[in-house]
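As provided, run-v1.cif (mmCIF, C-alpha atoms) reads as follows.
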```cif
data_model
#
loop_
_atom_site.label_atom_id
_atom_site.label_comp_id
_atom_site.auth_asym_id
_atom_site.auth_seq_id
_atom_site.Cartn_x
_atom_site.Cartn_y
_atom_site.Cartn_z
CA MET O 43 0.00 0.00 0.00
CA THR O 44 1.22 3.46 -0.93
CA GLU O 45 -0.44 6.81 -0.36
CA TRP O 46 -0.57 9.59 -2.91
CA LYS O 47 -1.01 13.18 -1.81
CA LEU O 48 -2.44 15.46 -4.47
CA PHE O 49 -2.38 19.25 -4.58
CA ALA O 50 -4.10 22.24 -6.17
CA ASP O 51 -6.02 21.49 -9.39
CA LEU O 52 -4.71 17.90 -9.42
CA ALA O 53 -6.64 17.16 -6.20
CA GLU O 54 -9.73 18.82 -7.69
CA ARG O 55 -9.48 16.67 -10.81
CA ALA O 56 -8.96 13.50 -8.77
CA GLY O 57 -11.83 14.39 -6.45
CA ASP O 58 -9.59 13.71 -3.44
CA LYS O 59 -6.44 15.00 -1.74
CA ARG O 60 -5.27 11.59 -0.60
CA VAL O 61 -5.53 8.33 -2.52
CA ALA O 62 -4.27 4.95 -1.35
CA VAL O 63 -3.15 2.57 -4.12
CA GLU O 64 -2.25 -1.13 -4.30
CA ALA O 65 1.32 -0.72 -5.57
CA GLY O 66 3.87 -1.13 -2.78
CA ALA O 67 7.35 -2.46 -1.97
CA GLY O 68 8.78 -4.20 -5.02
CA ASP O 69 6.75 -2.09 -7.44
CA THR O 70 7.83 1.24 -8.94
CA VAL O 71 6.60 4.83 -8.70
CA GLY O 72 5.27 4.35 -12.25
CA ASP O 73 3.15 1.39 -11.06
CA ALA O 74 1.69 3.55 -8.29
CA LEU O 75 0.98 6.31 -10.82
CA GLU O 76 -0.78 3.82 -13.08
CA ASP O 77 -2.97 2.70 -10.14
CA LEU O 78 -3.78 6.33 -9.36
CA LEU O 79 -4.73 7.28 -12.91
CA GLU O 80 -6.84 4.20 -13.55
CA ASP O 81 -10.50 5.36 -13.46
CA ARG O 82 -9.42 9.02 -13.22
CA PRO O 83 -9.38 10.12 -16.87
CA GLU O 84 -9.52 13.82 -16.07
CA LEU O 85 -6.41 13.59 -13.90
CA GLU O 86 -4.69 11.39 -16.49
CA ASP O 87 -5.27 14.03 -19.18
CA ARG O 88 -3.80 16.67 -16.91
CA VAL O 89 -0.59 14.80 -15.97
CA LEU O 90 0.20 12.70 -19.06
CA GLU O 91 0.81 13.67 -22.68
CA ASP O 92 1.15 10.80 -25.17
CA GLY O 93 1.66 8.43 -22.25
CA GLU O 94 4.55 10.49 -20.82
CA LEU O 95 4.52 12.63 -17.70
CA ARG O 96 4.11 16.31 -18.62
CA SER O 97 7.28 18.29 -17.91
CA GLN O 98 5.57 20.68 -15.47
CA ILE O 99 4.26 17.90 -13.19
CA ASN O 100 6.29 17.08 -10.06
CA VAL O 101 6.51 13.65 -8.43
CA LEU O 102 7.95 13.37 -4.92
CA ARG O 103 8.68 10.23 -2.91
CA ASN O 104 8.98 10.97 0.82
CA GLY O 105 9.75 14.61 0.00
CA THR O 106 12.41 13.85 -2.66
CA ASN O 107 11.83 14.70 -6.32
CA VAL O 108 12.13 11.33 -8.10
CA LEU O 109 12.53 13.01 -11.49
CA VAL O 110 15.61 14.95 -10.35
CA GLU O 111 17.23 12.95 -7.59
CA GLU O 112 16.04 9.38 -8.18
CA GLN O 113 15.27 7.15 -11.17
CA GLY O 114 12.07 8.87 -12.24
CA LEU O 115 9.05 6.63 -12.64
CA GLU O 116 11.41 3.61 -12.51
CA THR O 117 12.25 4.40 -8.87
CA ASP O 118 11.52 1.41 -6.61
CA LEU O 119 8.96 1.80 -3.87
CA GLU O 120 9.61 0.86 -0.28
CA ALA O 121 6.98 -0.07 2.28
CA ASP O 122 4.66 2.81 3.32
CA ASP O 123 6.13 5.40 0.97
CA GLU O 124 4.37 8.75 0.69
CA LEU O 125 4.11 9.94 -2.88
CA ALA O 126 3.09 13.44 -3.94
CA LEU O 127 1.90 14.72 -7.30
CA PHE O 128 1.69 18.45 -7.94
CA PRO O 129 1.71 21.18 -10.59
CA PRO O 130 4.31 24.01 -10.73
CA VAL O 131 4.64 25.63 -7.31
CA SER O 132 3.29 29.17 -6.94
CA GLY O 133 4.11 30.51 -3.48
CA GLY O 134 4.86 34.15 -2.73
CA MET U 541 4.36 33.89 18.75
CA TYR U 542 1.52 31.39 19.18
CA VAL U 543 -1.97 32.88 19.42
CA LEU U 544 -4.74 31.18 21.41
CA GLY U 545 -8.32 32.44 21.48
CA CYS U 546 -10.51 31.84 24.56
CA LEU U 547 -14.28 31.98 24.21
CA ASN U 548 -17.14 31.74 26.67
CA ARG U 549 -19.87 29.55 25.20
CA GLY U 550 -22.77 29.45 27.60
CA THR U 551 -20.86 29.28 30.87
CA SER U 552 -20.29 31.84 33.62
CA ASP U 553 -17.78 34.68 33.28
CA GLU U 554 -16.17 33.35 36.41
CA ALA U 555 -15.55 29.92 34.85
CA LEU U 556 -14.04 31.59 31.78
CA GLU U 557 -11.78 33.78 33.91
CA ARG U 558 -10.55 30.82 35.95
CA VAL U 559 -9.69 28.93 32.75
CA VAL U 560 -7.93 31.99 31.27
CA ASP U 561 -5.92 32.39 34.50
CA ARG U 562 -4.79 28.78 34.36
CA VAL U 563 -3.87 29.01 30.68
CA VAL U 564 -1.91 32.26 31.08
CA ASP U 565 -0.15 30.86 34.11
CA ARG U 566 0.86 27.69 32.28
CA LEU U 567 2.06 29.58 29.17
CA SER U 568 4.07 32.00 31.36
CA ARG U 569 6.24 29.05 32.35
CA GLU U 570 7.24 28.70 28.66
CA GLY U 571 7.76 32.35 27.74
CA ARG U 572 6.40 35.90 27.79
CA VAL U 573 2.61 36.03 27.41
CA GLY U 574 0.49 38.87 26.06
CA VAL U 575 -3.24 38.98 26.81
CA VAL U 576 -5.77 40.82 24.64
CA ARG U 577 -9.26 41.20 26.11
CA TYR U 578 -12.26 42.37 24.20
CA ASP U 579 -14.61 44.37 26.40
CA ALA U 580 -17.39 46.36 24.72
CA THR U 581 -17.83 48.50 27.83
CA ILE U 582 -14.50 50.17 27.11
CA ALA U 583 -15.58 53.27 25.25
CA ASP U 584 -14.88 56.98 25.21
CA GLY U 585 -14.81 58.42 28.67
CA THR U 586 -15.50 55.22 30.61
CA GLN U 587 -11.87 54.39 31.31
CA GLU U 588 -9.83 56.21 33.83
CA SER U 589 -7.33 58.23 31.88
CA LEU U 590 -4.09 59.66 33.11
CA THR U 591 -4.46 62.82 31.09
CA ILE U 592 -7.38 64.50 29.40
CA GLY U 593 -7.00 64.50 25.65
CA GLY U 594 -4.25 62.80 23.71
CA ASP U 595 -4.98 59.66 21.69
CA VAL U 596 -2.60 57.26 23.40
CA THR U 597 -1.39 57.35 26.98
CA TYR U 598 1.36 55.27 28.52
CA GLY U 599 1.71 55.42 32.27
CA LEU U 600 5.21 54.35 33.29
CA GLY U 601 6.10 53.11 36.75
CA ALA U 602 9.00 51.59 38.63
CA ASP U 603 11.08 48.79 37.02
CA GLY U 604 9.44 49.29 33.63
CA ASP U 605 5.90 48.44 34.79
CA TRP U 606 3.28 50.27 32.78
CA THR U 607 -0.37 50.86 31.93
CA ALA U 608 -1.85 52.11 28.70
CA SER U 609 -5.07 53.42 27.25
CA GLY U 610 -5.96 54.86 23.91
CA THR U 611 -8.13 54.88 20.82
CA GLY U 612 -8.12 53.20 17.44
CA MET U 613 -6.62 49.77 18.20
CA SER U 614 -7.97 46.59 16.59
CA VAL U 615 -7.29 43.01 17.69
CA ALA U 616 -4.91 42.67 14.74
CA ASP U 617 -3.04 45.82 15.83
CA ALA U 618 -2.73 44.50 19.39
CA LEU U 619 -1.33 41.15 18.18
CA GLU U 620 1.10 42.90 15.89
CA ALA U 621 2.37 44.99 18.80
CA LEU U 622 2.80 41.89 21.01
CA SER U 623 4.52 39.82 18.33
CA THR U 624 7.97 41.38 18.73
CA ASP U 625 8.57 40.30 22.31
CA CYS U 626 5.93 37.75 23.35
CA GLU U 627 6.10 34.01 22.75
CA TYR U 628 2.34 33.59 23.33
CA ALA U 629 -0.78 35.72 23.03
CA VAL U 630 -4.14 34.87 24.59
CA VAL U 631 -7.14 36.63 23.04
CA VAL U 632 -10.23 36.59 25.25
CA GLY U 633 -13.76 37.16 23.98
CA VAL U 634 -13.24 37.58 20.24
CA PRO U 635 -15.31 35.18 18.09
CA ARG U 636 -14.32 34.12 14.55
CA LEU U 637 -10.61 34.52 15.13
CA ARG U 638 -8.42 32.93 12.49
CA TYR U 639 -6.34 31.41 15.32
CA PRO U 640 -6.84 28.19 17.31
CA THR U 641 -9.37 28.64 20.08
CA LEU U 642 -10.10 27.16 23.49
CA VAL U 643 -13.84 26.98 24.09
CA VAL U 644 -15.22 27.13 27.63
CA GLY U 645 -18.71 25.59 27.59
CA ASP U 646 -20.21 24.06 24.41
CA PRO U 647 -18.84 25.16 21.05
CA SER U 648 -21.40 26.66 18.69
CA GLU U 649 -21.59 25.30 15.16
CA THR U 650 -19.97 28.40 13.74
CA ASP U 651 -16.84 28.12 15.90
CA GLU U 652 -13.91 27.24 13.67
CA ASN U 653 -10.48 25.98 14.57
CA VAL U 654 -11.43 24.73 18.04
CA LEU U 655 -8.29 23.39 19.72
CA ALA U 656 -9.99 22.11 22.88
CA THR U 657 -13.27 22.36 24.74
CA VAL U 658 -13.51 22.45 28.54
CA SER U 659 -16.35 23.07 30.97
CA GLY U 660 -14.08 24.62 33.63
CA PRO U 661 -10.49 24.74 34.90
CA ALA U 662 -10.69 21.19 36.29
CA ASP U 663 -10.79 19.49 32.88
CA LEU U 664 -8.10 21.65 31.31
CA GLU U 665 -5.20 19.44 30.23
CA GLU U 666 -2.51 22.09 30.28
CA ASP U 667 0.43 20.18 28.82
CA SER U 668 -1.50 18.79 25.89
CA LEU U 669 -2.98 22.25 25.24
CA VAL U 670 0.52 23.74 24.99
CA GLU U 671 1.61 20.90 22.75
CA ALA U 672 -1.42 21.29 20.47
CA LEU U 673 -0.95 25.07 20.31
CA GLU U 674 2.70 24.74 19.32
CA ALA U 675 1.78 22.30 16.55
CA GLU U 676 -0.24 25.14 14.97
CA GLU U 677 1.21 27.76 12.67
CA PRO U 678 2.93 30.53 14.66
CA TYR U 679 1.92 34.16 14.10
CA GLU U 680 4.71 36.24 12.58
CA THR U 681 5.04 39.78 11.33
CA LEU U 682 7.90 41.54 9.62
CA GLU U 683 8.65 43.19 12.98
CA SER U 684 8.69 39.89 14.89
CA LEU U 685 11.18 38.40 12.41
CA VAL U 686 13.38 41.51 12.50
CA ALA U 687 13.32 41.41 16.32
CA ARG U 688 14.35 37.74 16.20
CA VAL U 689 17.39 38.26 13.95
CA LYS U 690 18.47 41.17 16.16
CA ARG U 691 18.60 38.72 19.07
CA SER U 692 20.91 36.43 17.05
CA PRO U 693 24.13 35.55 18.88
CA ARG U 694 26.06 36.85 15.86
CA ALA U 695 24.22 40.20 15.72
CA ASP U 696 27.28 42.06 17.04
CA ARG U 697 29.00 41.48 13.68
CA ALA U 698 25.97 42.48 11.62
CA GLY U 699 25.76 45.97 10.12
CA ALA U 700 22.71 45.31 7.94
CA ILE U 701 19.20 43.89 7.96
CA ALA U 702 17.43 43.65 4.61
CA THR U 703 13.84 42.51 4.26
CA PHE U 704 11.30 41.59 1.60
CA THR U 705 7.52 41.63 2.12
CA GLY U 706 5.22 40.03 -0.45
CA ARG U 707 1.60 41.19 -0.26
CA VAL U 708 -1.70 40.65 -2.05
CA ARG U 709 -1.93 42.99 -5.03
CA ALA U 710 -5.52 44.00 -5.82
CA ARG U 711 -4.69 44.63 -9.48
CA ASP U 712 -1.65 44.55 -11.76
CA ASP U 713 -3.19 46.92 -14.28
CA PRO U 714 -5.83 49.64 -13.73
CA ASP U 715 -8.31 47.65 -15.85
CA ASP U 716 -7.87 44.35 -14.00
CA ALA U 717 -10.72 42.78 -12.06
CA ARG U 718 -9.98 43.41 -8.39
CA THR U 719 -8.42 40.51 -6.47
CA GLU U 720 -10.39 39.82 -3.29
CA TYR U 721 -8.08 37.25 -1.78
CA LEU U 722 -5.50 34.55 -2.43
CA GLU U 723 -5.76 31.11 -0.91
CA PHE U 724 -2.54 29.16 -0.34
CA GLU U 725 -2.33 25.40 -0.04
CA LYS U 726 0.85 23.91 1.42
CA TYR U 727 2.43 20.47 1.25
CA GLU U 728 2.47 20.07 5.02
CA GLY U 729 5.83 18.83 6.31
CA VAL U 730 7.71 19.06 3.03
CA ALA U 731 7.20 22.84 2.68
CA GLU U 732 8.67 23.42 6.15
CA GLU U 733 11.64 21.14 5.37
CA ARG U 734 12.36 23.00 2.14
CA MET U 735 12.13 26.41 3.85
CA ALA U 736 14.46 25.27 6.65
CA ALA U 737 16.95 23.85 4.11
CA LEU U 738 16.82 27.11 2.15
CA GLU U 739 17.48 29.14 5.32
CA ARG U 740 20.50 26.94 6.15
CA ASP U 741 21.79 27.24 2.63
CA LEU U 742 21.60 31.05 2.65
CA GLU U 743 23.08 31.27 6.17
CA ALA U 744 26.12 29.34 4.93
CA ARG U 745 27.08 32.32 2.75
CA GLU U 746 30.05 34.41 3.75
CA GLY U 747 28.90 37.43 5.74
CA VAL U 748 25.31 36.22 6.18
CA PHE U 749 24.47 35.58 9.84
CA ASP U 750 20.77 34.79 10.08
CA VAL U 751 17.91 34.24 7.64
CA GLU U 752 14.20 34.03 8.51
CA LEU U 753 11.59 32.96 5.95
CA TYR U 754 7.88 32.97 6.67
CA HIS U 755 4.91 32.28 4.40
CA ARG U 756 1.26 32.42 5.42
CA THR U 757 -1.20 29.78 4.25
CA GLY U 758 -4.98 29.71 3.94
CA VAL U 759 -6.90 32.82 2.92
CA VAL U 760 -4.91 36.07 2.65
CA GLY U 761 -6.99 39.13 1.81
CA ASP U 762 -6.33 42.01 -0.55
CA GLY U 763 -3.63 44.27 0.91
CA GLU U 764 -2.48 41.74 3.52
CA ASP U 765 1.07 40.43 3.81
CA ILE U 766 1.83 36.93 2.48
CA VAL U 767 5.53 36.28 2.80
CA PHE U 768 8.58 37.73 4.56
CA VAL U 769 12.31 37.27 3.99
CA VAL U 770 14.61 38.78 6.61
CA VAL U 771 18.39 38.69 6.35
CA LEU U 772 20.93 39.70 8.97
CA ALA U 773 24.33 40.28 7.35
CA GLY U 774 27.66 41.97 7.86
CA HIS U 775 27.18 44.50 5.06
CA ARG U 776 24.41 45.72 2.76
CA GLU U 777 25.69 44.01 -0.43
CA GLU U 778 25.27 40.45 0.85
CA ALA U 779 22.07 41.44 2.69
CA PHE U 780 20.38 42.70 -0.50
CA ARG U 781 21.64 39.82 -2.65
CA THR U 782 20.50 37.21 -0.14
CA VAL U 783 17.02 38.73 0.26
CA GLU U 784 16.55 38.63 -3.51
CA ASP U 785 17.83 35.07 -3.88
CA GLY U 786 15.80 34.02 -0.85
CA ILE U 787 12.44 35.13 -2.23
CA ASN U 788 13.25 33.82 -5.73
CA ARG U 789 14.24 30.41 -4.43
CA LEU U 790 11.28 30.24 -2.03
CA LYS U 791 8.96 30.85 -4.99
CA ASP U 792 10.73 28.16 -7.06
CA GLU U 793 11.38 25.45 -4.51
CA VAL U 794 8.74 25.41 -1.78
CA PRO U 795 5.57 23.38 -2.48
CA LEU U 796 2.92 26.09 -2.02
CA PHE U 797 -0.01 26.58 -4.38
CA LYS U 798 -1.91 29.79 -4.92
CA LYS U 799 -5.55 30.16 -5.88
CA GLU U 800 -6.63 33.67 -6.84
CA VAL U 801 -10.17 34.88 -6.30
CA THR U 802 -11.14 38.08 -8.07
CA VAL U 803 -14.51 39.83 -8.17
CA GLU U 804 -15.13 38.00 -11.47
CA ASP U 805 -13.28 34.72 -11.36
CA GLU U 806 -11.43 32.04 -9.43
CA PHE U 807 -8.35 30.20 -10.72
CA TRP U 808 -5.08 28.46 -9.81
CA VAL U 809 -2.30 30.91 -10.57
CA HIS U 810 0.02 28.27 -12.13
CA GLU U 811 -2.65 27.59 -14.78
CA ARG U 812 -2.55 31.21 -15.93
CA THR U 813 1.20 31.79 -16.08
#
```
As structure tokens, the full file:
Amino acid sequence: MTEWKLFADLAERAGDKRVAVEAGAGDTVGDALEDLLEDRPELEDRVLEDGELRSQINVLRNGTNVLVEEQGLETDLEADDELALFPPVSGG
Amino acid sequence: MYVLGCLNRGTSDEALERVVDRVVDRLSREGRVGVVRYDATIADGTQESLTIGGDVTYGLGADGDWTASGTGMSVADALEALSTDCEYAVVVGVPRLRYPTLVVGDPSETDENVLATVSGPADLEEDSLVEALEAEEPYETLESLVARVKRSPRADRAGAIATFTGRVRARDDPDDARTEYLEFEKYEGVAEERMAALERDLEAREGVFDVELYHRTGVVGDGEDIVFVVVLAGHREEAFRTVEDGINRLKDEVPLFKKEVTVEDEFWVHERT
């Protein structure tokens, strides 16, 4: 089991700020993303383009950006990871 | 500074006062406590004044003890004044505060942000109240952050403080629809980690002694302050440079999301830029 946290318009499109998915230790971040997007076509449209993650979408695993500091969607999951999916940040 | 509201909901004034006494007493063991009391009977001419006329009067006594009276102060003004040297503020008798509140009696349905409910001093769990209060967002102002960096152990080497204040702009162009408020969502936990890492990073610069970053969340109204960057440095050059880099990096790196509500529309800012 892995929990996704969703923010801003991504949470609105998913209809929820937190979503638990089946993918867990031994699976990858990409597997967890696939679980999340299944049955959420509006969110899928927002985060994927031709099956690839849109460049402006951020994916964090336990606070670390997997696209910058880990192996992207190929990153392995560990037990009870917290994943986060969010659009460009806009503080200030 | 942590702000705690105290409200009487259907109990006696005496019960409320006994709870407030206990709370103030307990908080005083942790740090300096300011108390703000709303009392509608305070009006022109009803309070004993030290002088006739004058808008604000401070009466000063021995050892720095003092009294004050005056006109034109709001709850927000009082909190702002306390924020530079108090660790806690207790606000008694002001409903619909945006701060966590201790309810004495039974909370009404409209009470938001209720931290605890007690019927009297006997069921007040003081330690857990302090713990719950400190888990809430602290109240900061530009002045409270400036006061903090001035207390830095390295302040004797600092010849400069530079600050940045970001505030809600009603309109960018005269023809724009007026912005009523912004609403910020934060990635709880990760945002604080990123801000702390950014502060450490900037403080590692040569000649930079202390950096304070603060960003409000939730609803921030037109004209209100959103974000502060305060830098204590040896000289003005590194102070200015670090303030600019600090706000730019905060905007780029910290997971905060801004929804803008204008008189005509409502949208996520990242979808428009």
Identify every residue of chain O that has at least one atom within 12 Å of any atom of chain U, counting all atoms listed in the file, and report the result as a PDB file with C-alpha atoms, keeping the file's coordinate frame.
```
ATOM      1  CA  LYS O  47      -1.010  13.180  -1.810  1.00  0.00           C
ATOM      2  CA  LEU O  48      -2.440  15.460  -4.470  1.00  0.00           C
ATOM      3  CA  PHE O  49      -2.380  19.250  -4.580  1.00  0.00           C
ATOM      4  CA  ALA O  50      -4.100  22.240  -6.170  1.00  0.00           C
ATOM      5  CA  ASP O  51      -6.020  21.490  -9.390  1.00  0.00           C
ATOM      6  CA  LEU O  52      -4.710  17.900  -9.420  1.00  0.00           C
ATOM      7  CA  ALA O  53      -6.640  17.160  -6.200  1.00  0.00           C
ATOM      8  CA  GLU O  54      -9.730  18.820  -7.690  1.00  0.00           C
ATOM      9  CA  LYS O  59      -6.440  15.000  -1.740  1.00  0.00           C
ATOM     10  CA  ARG O  60      -5.270  11.590  -0.600  1.00  0.00           C
ATOM     11  CA  ARG O  88      -3.800  16.670 -16.910  1.00  0.00           C
ATOM     12  CA  GLN O  98       5.570  20.680 -15.470  1.00  0.00           C
ATOM     13  CA  ILE O  99       4.260  17.900 -13.190  1.00  0.00           C
ATOM     14  CA  ASN O 100       6.290  17.080 -10.060  1.00  0.00           C
ATOM     15  CA  VAL O 101       6.510  13.650  -8.430  1.00  0.00           C
ATOM     16  CA  LEU O 102       7.950  13.370  -4.920  1.00  0.00           C
ATOM     17  CA  ARG O 103       8.680  10.230  -2.910  1.00  0.00           C
ATOM     18  CA  ASN O 104       8.980  10.970   0.820  1.00  0.00           C
ATOM     19  CA  GLY O 105       9.750  14.610   0.000  1.00  0.00           C
ATOM     20  CA  THR O 106      12.410  13.850  -2.660  1.00  0.00           C
ATOM     21  CA  ASN O 107      11.830  14.700  -6.320  1.00  0.00           C
ATOM     22  CA  GLU O 124       4.370   8.750   0.690  1.00  0.00           C
ATOM     23  CA  LEU O 125       4.110   9.940  -2.880  1.00  0.00           C
ATOM     24  CA  ALA O 126       3.090  13.440  -3.940  1.00  0.00           C
ATOM     25  CA  LEU O 127       1.900  14.720  -7.300  1.00  0.00           C
ATOM     26  CA  PHE O 128       1.690  18.450  -7.940  1.00  0.00           C
ATOM     27  CA  PRO O 129       1.710  21.180 -10.590  1.00  0.00           C
ATOM     28  CA  PRO O 130       4.310  24.010 -10.730  1.00  0.00           C
ATOM     29  CA  VAL O 131       4.640  25.630  -7.310  1.00  0.00           C
ATOM     30  CA  SER O 132       3.290  29.170  -6.940  1.00  0.00           C
ATOM     31  CA  GLY O 133       4.110  30.510  -3.480  1.00  0.00           C
ATOM     32  CA  GLY O 134       4.860  34.150  -2.730  1.00  0.00           C
TER      33      GLY O 134
END
```
>> Rounded to one decimal, what separation in Å do you get between atom CA of Leu722 of chain U and atom CA of Arg812 of chain U?
In response: 14.2 Å
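The two atoms in question, atom CA of Ala121 of chain O and atom CA of Val63 of chain O, are spaced 12.3 Å apart.
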> By how many Å are atom CA of Lys690 of chain U and atom CA of Ala616 of chain U apart?
Replying inline: 23.5 Å
So which residues get picked by the PyMOL selection byres ((chain U and resi 653) around 8) here, written as a PDB file with C-alpha atoms, in the coordinates of the input?
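Here's the written file expr08.pdb:
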```pdb
ATOM      1  CA  ARG U 638      -8.420  32.930  12.490  1.00  0.00           C
ATOM      2  CA  TYR U 639      -6.340  31.410  15.320  1.00  0.00           C
ATOM      3  CA  PRO U 640      -6.840  28.190  17.310  1.00  0.00           C
ATOM      4  CA  THR U 641      -9.370  28.640  20.080  1.00  0.00           C
ATOM      5  CA  ASP U 651     -16.840  28.120  15.900  1.00  0.00           C
ATOM      6  CA  GLU U 652     -13.910  27.240  13.670  1.00  0.00           C
ATOM      7  CA  VAL U 654     -11.430  24.730  18.040  1.00  0.00           C
ATOM      8  CA  LEU U 655      -8.290  23.390  19.720  1.00  0.00           C
TER       9      LEU U 655
END
```
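Counting only C-alpha atoms, Val686 of chain U has the following residues at most 8 Å away, ignoring those fewer than 3 positions along the same chain: Leu682, Glu683, Val689, Lys690, Ile701 and Val770 of chain U.
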>> If the PyMOL selection byres ((chain O and resi 66) around 12) were run on this exact file, what residues would it hold? Put them as a VMD selection string.
In response: chain O and resid 43 to 46 62 to 65 67 to 75 77 117 to 125
